[in-house]
Amino acid sequence: MDEYDYINIEERWRKEWEENDIHKTKKDEEKTPFYVIFAYPGISGFLHLGHMRCYTYTDIIARYKEMKGYNVLFPGGTHPTGNQAISLSKKLREGDEEKISYMKKNGASQEDIERMKDPEEVVKYFNELYKKDYWKKFGFSMDLDYFTYTTREDYKKFIDWQFRKLKEKDLLIQKPYYGTECVECGPVAVDPSETDLSKGGTAEKQEFTLLKFEYGNRYVTAATLRPETVFGQTNLWVDPEVEYVVVKVDDEEWIMSEEAADKLKYQKGSIEKIDTVKGESMIGDSVKAPGIKRDIVILPASFTDPDFGTGIVTSVPSDAPYDWIALKDIKDDEELKEKYSLDIEELEPIDIIESDQWGTSSAEKIIQEMDIGSQEDEEKLEEATKKIYKSGFHTGKMLDSCGDYAGMRVQEAKEKIKEDLIEMGKADVIYDLSEEAICRCGGKVVVGKIPDQWFIRYSDRELTEDSIEHVKNMTVKPQSYADNLPTTVEWFRDRSCARKGNWMGTEFPFDEGWLVEAIADSTLYPAFYVIARHYNKGDIEAEQMNEEFFDFVFLGEDDAEEVSKSTGIPQGKLREIRSDFEYWYPLDLNLGGKEHMTVHFPVFLMNHVAVLDKEDRPRGIFVNWWLVGKGGKISKSKGGAEPIQDAAERYGVDALRLFYAHSASPFVDKEWSEEEAFNYQRKLNSFWDLVESIRDMDGQKKEIDDYLKSRFNELVKRYHEVMDDYEIRKGANIAFYDLPSEIDWYLKRGGQNSALLNELGEKIVRMITPFTPHIAEELADRWKVEFVTKEPLPRYEEDEFDPEAEAREEYIKRVHSDIKSILDIADVEGNKIYIYVAEGWKKKALDRIMKEKDKGMGIMGELVKEMDAPSKELAPFVKEALDDVTKKKDQKLLKADFEEKEVLERSKEYLEKSFEAEVKIADAGGEDHYDPKGRASKSKPKKPAIYIE
RNA sequence: GCGGGGGUACCCGAGCAUGGCCAAAGGGGCAAGGCUUAGGACCUUGUUGCGUAGGCAUCCGAGGGUUCAAAUCCCUCCCCCCGCACCA
């Protein structure tokens, strides 16, 4: 018996598949096509075990469909669009130690690093790495002849065409936009995945109302998220230590922190710094507060952050816990008051809002309730602020102190006051991030105004309605997402689709200097893989891919002759490409992580609806959740971050694939666990041993064979059901757990039919193939199967279903378990076991009772006459039997028709061995059997009486 | 706030649509025993309590209801998680 040597086995089959072109895919009109992709990865560096989860699901589905007889296309590509490659090579050029050691640790050589100082080389390097070290290494059945990436010339032609179509359909517009951008390299995404960032992924873009306080001929500015609180203003907070700047905005002079001014220029265009003013010099002065006819005083504070808002804060002590406590502190600080000669005894909070939970004076109340002692207790103050805001925003009403706004709900007043203040020229709107964010290139991330941003008009009514209509007919997994997707599409707003700056991608066709944004160029790409294959073969050139070409291939417009003239591509070739597209499209399934639910999948869908013909709209979406490290993101310290090639060797590719497939449903986040990965390695080991031991059997047919055949057959049926529904985990469970445990049981019960075991052994190997193809090929090899990958899956056979055989086996299992429970509690030696099968009259009576259970105990009378039974026993038996029958308990077993005594006799050996005891079987009604305690009379059909001594 | 998903034994996790073989699959962990080594093993058994006869009691977030019968259906409450946009 050979050992399971996964390293060599996996190596061997990778080679065999490659050398025999096993994954090459071509059109075959005889077969139904099945086209599946995963959302291609960006070029962001080395991938980790988390990324492989989605790809593995895709491969499992692709392989399953293939073995079901579909002609499967499973291509792949990459998405270098963006600035990730650029910033990586920039870091390498700068000799960034951390980056270089990261590259080396993941296997990059010195030469690799040298050449990657050119961003194009970064793309090439990772393209090859993804293909070879990730996808092929994992045994994916991808056909990489279809490979493409988004910064290649041919792909750019495709994107160019797509945008022309969108324009034709009037789906491109321009309007102003405030977006997050890096001051060095242009627009970046601020999001928790931190694709573009090195810090600050959880920052939120916030809209502030910029309040302007008249201060001589200048304005002091303060940014607030709560313009509705202006009526409660009592003072301004300024840090005496900070040097503020005076900037010229239009014709006005504004005072704010230097950081704020730096950020503001991205929103206001050029602003000019004309002066500086030290915070200290303003303390004690009065300013005229906007929106209210009152002067308020400038007071010193240290909690203001020059890098947040304008660095100057307006104070509303009634509703802002920070302000309340700062005001209290300053009132108690005699020294400070002396220093700035402040007279602030009169300064008291002004109630402006009444909410359900806090009533009025909410800041004071919450500070007492939460027992907040000082300004320094920032954590508690943040929490208090949030609580008050939440309650105030949803349930609050403006009080009489709020002038015209008195009585309004806070939600309304907020908008109204903001608008009115802006109208009166006493306020403006600015944007800022809730926390600091830093780009991967090291630049600071700010919010900038783009006056003429290009958008794709996803809000279009017709497009939205069409898309929603289509979604309803798609296969979307999981169900919760299927339920949500129509709402998501409905709610999908216009989305910016072009950008400027340091960026790899396609030039925007209608505006020089703009490049197509990263999401906008990856919506229709499954269609392009079909063309990429012909480009890769060298049959067509990028320059030949003009508008007519794509119109012809994707939309079937124009005739081949004309298109051939304008493109220079032979007519035959054009027709071939068009028919490839017609054959493969629409896409059957697109798989991606849960991060795509609200961005990628909706645009993927809507662009298909907008650009392609109705029959080419995608048929399915499969969303998988993430693999996470302990307590969150995958990282070095939390696990899952080791290089994929290392993991593949350590655990084995098949073990990892099984880990993904079986350790959790695809629709939950799964915590990475080394332990579990090793467990799956061991699982494969024992699977291997089981199959090997099966092959050594040389016995003949026995009764138990029928049971195994029947159970196996049922599980095959179930396997197809769950796999057709993409229930990958359940499928793996049947193949790796349910089926082997049935075989285990069969062997335990003395089954050893060589022919049957070999037949089923081969079938089960086929069933594991989609999950763990390497070990499957190796095992299938024993049966001289050339490539199990290319073999069909076993099918459900109606005539092998044998409920009687299953009932008989169930019967034995029960007798076994009854004996066992008696042995567990009874104080007996257990050397001899007597089993008494129920008398014939009991069986007859039971049959009658089952047929006429509606009669209840009324049936007694009839039975007394008909049955030749001891009257003392009949009554209690009927009562119990009625109970059993109405409880629906054990119906299958009760209805089964077999001779209990014979079945027991045939299983006697098993029972004796199992309990190491002598087993004797007798008829309960018999005359001369040994039964010292009179147990026999307790026998019931399918539940024999037992006596043990 | 808007939208969605959940709470099952030590842990993970099935079951819930179609109430009844559900003291509740499977895996992991743990414990006991076996094997004496395929060692980051393997095999058996146990893992709510009680019970010297195959049984009984209690149990699926909490409380209530419907029913002959509830993890499953209905109501109320508590708690947790996810998405909310320029991230493929």
# chains A, B, ... in the order shown; residues from 1 in each chain; ligands from 1
$ interface_residues --of "chain A" --to "chain B" --cutoff "6 Å" --atoms "only C-alpha atoms (C1' of nucleotides)" --output "ChimeraX atom specification"
/A:39-41,818,821-822,826-827,889-890
$ write_last_selection --atoms "N, CA, C and O atoms" --output "mmCIF file, in the first residue's frame"
data_model
loop_
_atom_site.group_PDB
_atom_site.id
_atom_site.type_symbol
_atom_site.label_atom_id
_atom_site.label_comp_id
_atom_site.auth_asym_id
_atom_site.auth_seq_id
_atom_site.Cartn_x
_atom_site.Cartn_y
_atom_site.Cartn_z
ATOM 1 N N ALA A 39 -13.884 37.441 -10.146
ATOM 2 C CA ALA A 39 -13.518 38.851 -10.312
ATOM 3 C C ALA A 39 -11.997 38.931 -10.285
ATOM 4 O O ALA A 39 -11.374 38.554 -9.302
ATOM 5 N N TYR A 40 -11.417 39.378 -11.402
ATOM 6 C CA TYR A 40 -9.951 39.348 -11.486
ATOM 7 C C TYR A 40 -9.309 40.261 -10.449
ATOM 8 O O TYR A 40 -9.869 41.263 -10.049
ATOM 9 N N PRO A 41 -8.118 39.892 -9.998
ATOM 10 C CA PRO A 41 -7.475 40.682 -8.944
ATOM 11 C C PRO A 41 -6.749 41.898 -9.505
ATOM 12 O O PRO A 41 -6.308 41.884 -10.647
ATOM 13 N N ASP A 818 -29.947 -0.839 21.402
ATOM 14 C CA ASP A 818 -30.704 -1.270 22.583
ATOM 15 C C ASP A 818 -29.836 -2.128 23.498
ATOM 16 O O ASP A 818 -29.804 -1.940 24.709
ATOM 17 N N SER A 821 -27.384 0.067 25.296
ATOM 18 C CA SER A 821 -27.844 0.881 26.424
ATOM 19 C C SER A 821 -28.175 0.021 27.635
ATOM 20 O O SER A 821 -28.035 0.477 28.771
ATOM 21 N N ILE A 822 -28.589 -1.206 27.391
ATOM 22 C CA ILE A 822 -28.814 -2.084 28.538
ATOM 23 C C ILE A 822 -27.487 -2.389 29.231
ATOM 24 O O ILE A 822 -27.352 -2.287 30.452
ATOM 25 N N ALA A 826 -27.177 -1.768 33.143
ATOM 26 C CA ALA A 826 -27.500 -2.955 33.930
ATOM 27 C C ALA A 826 -26.236 -3.573 34.508
ATOM 28 O O ALA A 826 -25.176 -3.546 33.914
ATOM 29 N N ASP A 827 -26.407 -4.103 35.675
ATOM 30 C CA ASP A 827 -25.274 -4.698 36.369
ATOM 31 C C ASP A 827 -25.191 -6.174 36.001
ATOM 32 O O ASP A 827 -25.565 -7.043 36.778
ATOM 33 N N LYS A 889 -43.743 7.735 14.743
ATOM 34 C CA LYS A 889 -42.387 7.305 15.043
ATOM 35 C C LYS A 889 -42.053 6.045 14.264
ATOM 36 O O LYS A 889 -42.850 5.115 14.207
ATOM 37 N N ASP A 890 -40.906 6.039 13.676
ATOM 38 C CA ASP A 890 -40.393 4.823 13.047
ATOM 39 C C ASP A 890 -41.282 4.280 11.954
ATOM 40 O O ASP A 890 -41.312 3.071 11.724
#
$ residues_around --residues "Glu949 (chain A)" --least-positions-apart "6" --cutoff "9 Å" --atoms "only C-alpha atoms (C1' of nucleotides)" --output "number ranges by chain"
A: 827-834
$ atom_distance --atom1 "CA of Thr209 (chain A)" --atom2 "CA of Ala223 (chain A)"
5.6 Å
$ select_by_dssp --residues "region 697-885 of chain A" --states "strand (DSSP E)" --output "list in words"
Lys832, Ile833, Tyr834, Ile835, Tyr836 and Val837 of chain A
$ residues_around --residues "U72 (chain B)" --least-positions-apart "3" --cutoff "12 Å" --atoms "only C-alpha atoms (C1' of nucleotides)" --output "list in words"
U8, G15, C16, A17, U18, G19, G20, C22, A24 and C60 of chain B
$ write_last_selection --atoms "N, CA and C atoms (P, O5', C5', C4', C3', O3' and C1' of nucleotides)" --output "PDB file, in the first residue's frame"
ATOM      1  P     U B   8     -25.820  30.200  19.492  1.00  0.00           P
ATOM      2  O5'   U B   8     -26.908  29.056  19.370  1.00  0.00           O
ATOM      3  C5'   U B   8     -27.705  28.709  20.502  1.00  0.00           C
ATOM      4  C4'   U B   8     -28.166  27.299  20.398  1.00  0.00           C
ATOM      5  C3'   U B   8     -27.059  26.247  20.434  1.00  0.00           C
ATOM      6  O3'   U B   8     -26.671  25.960  21.770  1.00  0.00           O
ATOM      7  C1'   U B   8     -28.523  25.753  18.663  1.00  0.00           C
ATOM      8  P     G B  15     -29.295  23.807   7.260  1.00  0.00           P
ATOM      9  O5'   G B  15     -30.429  23.087   8.095  1.00  0.00           O
ATOM     10  C5'   G B  15     -30.719  21.710   7.843  1.00  0.00           C
ATOM     11  C4'   G B  15     -31.491  21.154   9.011  1.00  0.00           C
ATOM     12  C3'   G B  15     -32.766  21.919   9.340  1.00  0.00           C
ATOM     13  O3'   G B  15     -33.820  21.405   8.541  1.00  0.00           O
ATOM     14  C1'   G B  15     -31.563  21.391  11.341  1.00  0.00           C
ATOM     15  P     C B  16     -34.593  22.399   7.559  1.00  0.00           P
ATOM     16  O5'   C B  16     -35.443  23.274   8.560  1.00  0.00           O
ATOM     17  C5'   C B  16     -36.494  22.688   9.334  1.00  0.00           C
ATOM     18  C4'   C B  16     -37.074  23.776  10.212  1.00  0.00           C
ATOM     19  C3'   C B  16     -37.713  24.910   9.422  1.00  0.00           C
ATOM     20  O3'   C B  16     -39.043  25.094   9.867  1.00  0.00           O
ATOM     21  C1'   C B  16     -36.064  25.734  10.949  1.00  0.00           C
ATOM     22  P     A B  17     -40.237  24.502   9.093  1.00  0.00           P
ATOM     23  O5'   A B  17     -40.200  25.358   7.764  1.00  0.00           O
ATOM     24  C5'   A B  17     -40.688  26.695   7.751  1.00  0.00           C
ATOM     25  C4'   A B  17     -40.630  27.195   6.336  1.00  0.00           C
ATOM     26  C3'   A B  17     -41.485  26.394   5.357  1.00  0.00           C
ATOM     27  O3'   A B  17     -42.803  26.900   5.350  1.00  0.00           O
ATOM     28  C1'   A B  17     -39.313  26.625   4.485  1.00  0.00           C
ATOM     29  P     U B  18     -43.949  26.048   4.730  1.00  0.00           P
ATOM     30  O5'   U B  18     -44.032  24.825   5.742  1.00  0.00           O
ATOM     31  C5'   U B  18     -45.180  23.973   5.787  1.00  0.00           C
ATOM     32  C4'   U B  18     -44.702  22.544   5.733  1.00  0.00           C
ATOM     33  C3'   U B  18     -43.715  22.184   6.844  1.00  0.00           C
ATOM     34  O3'   U B  18     -44.308  21.192   7.668  1.00  0.00           O
ATOM     35  C1'   U B  18     -42.997  21.379   4.693  1.00  0.00           C
ATOM     36  P     G B  19     -45.027  21.549   8.969  1.00  0.00           P
ATOM     37  O5'   G B  19     -44.017  20.972  10.054  1.00  0.00           O
ATOM     38  C5'   G B  19     -42.813  21.641  10.373  1.00  0.00           C
ATOM     39  C4'   G B  19     -42.430  21.266  11.768  1.00  0.00           C
ATOM     40  C3'   G B  19     -42.522  19.786  12.047  1.00  0.00           C
ATOM     41  O3'   G B  19     -41.434  19.416  12.871  1.00  0.00           O
ATOM     42  C1'   G B  19     -43.961  20.971  13.505  1.00  0.00           C
ATOM     43  P     G B  20     -40.661  18.093  12.476  1.00  0.00           P
ATOM     44  O5'   G B  20     -41.366  17.019  13.422  1.00  0.00           O
ATOM     45  C5'   G B  20     -41.140  17.061  14.823  1.00  0.00           C
ATOM     46  C4'   G B  20     -41.714  15.808  15.447  1.00  0.00           C
ATOM     47  C3'   G B  20     -41.235  14.527  14.795  1.00  0.00           C
ATOM     48  O3'   G B  20     -40.729  13.680  15.814  1.00  0.00           O
ATOM     49  C1'   G B  20     -43.592  14.559  14.988  1.00  0.00           C
ATOM     50  P     C B  22     -34.445  12.026  14.572  1.00  0.00           P
ATOM     51  O5'   C B  22     -33.962  12.794  15.855  1.00  0.00           O
ATOM     52  C5'   C B  22     -34.170  12.307  17.179  1.00  0.00           C
ATOM     53  C4'   C B  22     -34.413  13.479  18.112  1.00  0.00           C
ATOM     54  C3'   C B  22     -35.870  13.917  18.218  1.00  0.00           C
ATOM     55  O3'   C B  22     -36.203  14.232  19.556  1.00  0.00           O
ATOM     56  C1'   C B  22     -34.528  15.726  17.530  1.00  0.00           C
ATOM     57  P     A B  24     -30.600  12.126  20.422  1.00  0.00           P
ATOM     58  O5'   A B  24     -30.802  13.526  19.693  1.00  0.00           O
ATOM     59  C5'   A B  24     -29.720  14.416  19.572  1.00  0.00           C
ATOM     60  C4'   A B  24     -29.991  15.342  18.417  1.00  0.00           C
ATOM     61  C3'   A B  24     -28.802  16.233  18.059  1.00  0.00           C
ATOM     62  O3'   A B  24     -28.021  15.599  17.066  1.00  0.00           O
ATOM     63  C1'   A B  24     -30.717  17.567  18.461  1.00  0.00           C
ATOM     64  P     C B  60     -34.590  25.688  25.310  1.00  0.00           P
ATOM     65  O5'   C B  60     -33.560  25.696  24.114  1.00  0.00           O
ATOM     66  C5'   C B  60     -32.230  26.162  24.318  1.00  0.00           C
ATOM     67  C4'   C B  60     -31.568  26.429  22.976  1.00  0.00           C
ATOM     68  C3'   C B  60     -32.426  27.284  22.043  1.00  0.00           C
ATOM     69  O3'   C B  60     -31.579  28.166  21.335  1.00  0.00           O
ATOM     70  C1'   C B  60     -32.000  25.164  21.056  1.00  0.00           C
TER      71        C B  60
END
$ residues_around --residues "region 593-595 of chain A" --least-positions-apart "2" --cutoff "8 Å" --atoms "only C-alpha atoms (C1' of nucleotides)" --output "VMD selection string"
(chain A and resid 54 591 597 to 599 623 to 626) or (chain B and resid 87)
$ residues_around --residues "Leu342 (chain A)" --least-positions-apart "5" --cutoff "10 Å" --atoms "only C-alpha atoms (C1' of nucleotides)" --output "PyMOL selection string"
chain A and resi 283-285+297-299+330-331+334+336-337
$ residues_around --residues "Pro33 (chain A)" --least-positions-apart "4" --cutoff "10 Å" --atoms "only C-alpha atoms (C1' of nucleotides)" --output "list in words"
Lys26, Lys27, Asp28, Glu29, Lys65, Glu66, Gly69, Tyr70, Asn71, Val72, Leu73, Tyr583, Trp584, Tyr585, Pro586, Leu587 and Asp588 of chain A
$ write_last_selection --atoms "N, CA and C atoms" --output "tab-separated table (two decimals), in the first residue's frame"
chain	number	residue	atom	x	y	z
A	26	LYS	N	-12.30	24.83	-26.11
A	26	LYS	CA	-12.74	25.32	-27.42
A	26	LYS	C	-14.23	25.15	-27.55
A	27	LYS	N	-14.74	25.95	-28.46
A	27	LYS	CA	-16.15	25.86	-28.78
A	27	LYS	C	-16.48	24.43	-29.21
A	28	ASP	N	-17.60	23.92	-28.75
A	28	ASP	CA	-18.02	22.58	-29.14
A	28	ASP	C	-19.55	22.58	-29.18
A	29	GLU	N	-20.09	22.67	-30.38
A	29	GLU	CA	-21.53	22.85	-30.50
A	29	GLU	C	-22.32	21.68	-29.91
A	65	LYS	N	-18.98	21.34	-13.14
A	65	LYS	CA	-19.78	21.49	-14.36
A	65	LYS	C	-19.16	20.70	-15.51
A	66	GLU	N	-17.86	20.75	-15.60
A	66	GLU	CA	-17.16	20.01	-16.63
A	66	GLU	C	-17.50	18.52	-16.54
A	69	GLY	N	-20.69	17.33	-17.80
A	69	GLY	CA	-20.89	17.27	-19.24
A	69	GLY	C	-20.98	18.62	-19.94
A	70	TYR	N	-20.81	19.70	-19.19
A	70	TYR	CA	-20.81	21.01	-19.84
A	70	TYR	C	-19.44	21.27	-20.47
A	71	ASN	N	-19.45	22.13	-21.46
A	71	ASN	CA	-18.19	22.63	-21.99
A	71	ASN	C	-17.88	23.91	-21.21
A	72	VAL	N	-16.88	23.83	-20.35
A	72	VAL	CA	-16.66	24.92	-19.40
A	72	VAL	C	-15.55	25.85	-19.85
A	73	LEU	N	-15.84	27.13	-19.85
A	73	LEU	CA	-14.80	28.13	-20.07
A	73	LEU	C	-14.51	28.82	-18.74
A	583	TYR	N	-21.35	31.74	-28.80
A	583	TYR	CA	-21.38	30.43	-28.14
A	583	TYR	C	-21.23	30.58	-26.62
A	584	TRP	N	-20.22	31.33	-26.21
A	584	TRP	CA	-19.92	31.39	-24.77
A	584	TRP	C	-20.85	32.32	-24.00
A	585	TYR	N	-21.23	33.40	-24.64
A	585	TYR	CA	-22.04	34.35	-23.90
A	585	TYR	C	-23.50	33.93	-23.89
A	586	PRO	N	-24.26	34.25	-22.85
A	586	PRO	CA	-23.88	35.06	-21.70
A	586	PRO	C	-23.02	34.30	-20.68
A	587	LEU	N	-22.44	35.08	-19.82
A	587	LEU	CA	-21.67	34.53	-18.70
A	587	LEU	C	-22.64	33.81	-17.75
A	588	ASP	N	-22.25	32.60	-17.33
A	588	ASP	CA	-23.13	31.87	-16.43
A	588	ASP	C	-22.96	32.25	-14.97
$ residues_around --residues "U48 (chain B)" --least-positions-apart "2" --cutoff "10 Å" --atoms "only C-alpha atoms (C1' of nucleotides)" --output "PDB file with N, CA, C and O atoms (P, O5', C5', C4', C3', O3' and C1' of nucleotides), in the first residue's frame"
ATOM      1  P     A B   9     -25.250  26.360  22.238  1.00  0.00           P
ATOM      2  O5'   A B   9     -24.867  25.086  23.120  1.00  0.00           O
ATOM      3  C5'   A B   9     -24.880  25.174  24.556  1.00  0.00           C
ATOM      4  C4'   A B   9     -24.572  23.822  25.128  1.00  0.00           C
ATOM      5  C3'   A B   9     -23.081  23.455  25.057  1.00  0.00           C
ATOM      6  O3'   A B   9     -22.718  22.717  26.214  1.00  0.00           O
ATOM      7  C1'   A B   9     -24.351  21.924  23.770  1.00  0.00           C
ATOM      8  P     A B  23     -36.081  13.223  20.700  1.00  0.00           P
ATOM      9  O5'   A B  23     -34.538  13.417  21.031  1.00  0.00           O
ATOM     10  C5'   A B  23     -34.028  13.857  22.224  1.00  0.00           C
ATOM     11  C4'   A B  23     -32.539  13.933  22.040  1.00  0.00           C
ATOM     12  C3'   A B  23     -31.790  12.737  22.623  1.00  0.00           C
ATOM     13  O3'   A B  23     -30.575  12.525  21.927  1.00  0.00           O
ATOM     14  C1'   A B  23     -31.119  14.721  23.705  1.00  0.00           C
ATOM     15  P     U B  58     -39.843  17.909  31.948  1.00  0.00           P
ATOM     16  O5'   U B  58     -38.488  18.706  31.723  1.00  0.00           O
ATOM     17  C5'   U B  58     -38.030  19.634  32.709  1.00  0.00           C
ATOM     18  C4'   U B  58     -36.600  20.018  32.420  1.00  0.00           C
ATOM     19  C3'   U B  58     -36.351  20.673  31.064  1.00  0.00           C
ATOM     20  O3'   U B  58     -36.662  22.044  31.044  1.00  0.00           O
ATOM     21  C1'   U B  58     -34.758  18.986  31.389  1.00  0.00           C
ATOM     22  P     C B  59     -37.183  22.728  29.677  1.00  0.00           P
ATOM     23  O5'   C B  59     -35.873  22.695  28.782  1.00  0.00           O
ATOM     24  C5'   C B  59     -34.747  23.498  29.112  1.00  0.00           C
ATOM     25  C4'   C B  59     -33.626  23.222  28.161  1.00  0.00           C
ATOM     26  C3'   C B  59     -33.927  23.546  26.703  1.00  0.00           C
ATOM     27  O3'   C B  59     -33.751  24.929  26.441  1.00  0.00           O
ATOM     28  C1'   C B  59     -32.895  21.438  26.832  1.00  0.00           C
TER      29        C B  59
END
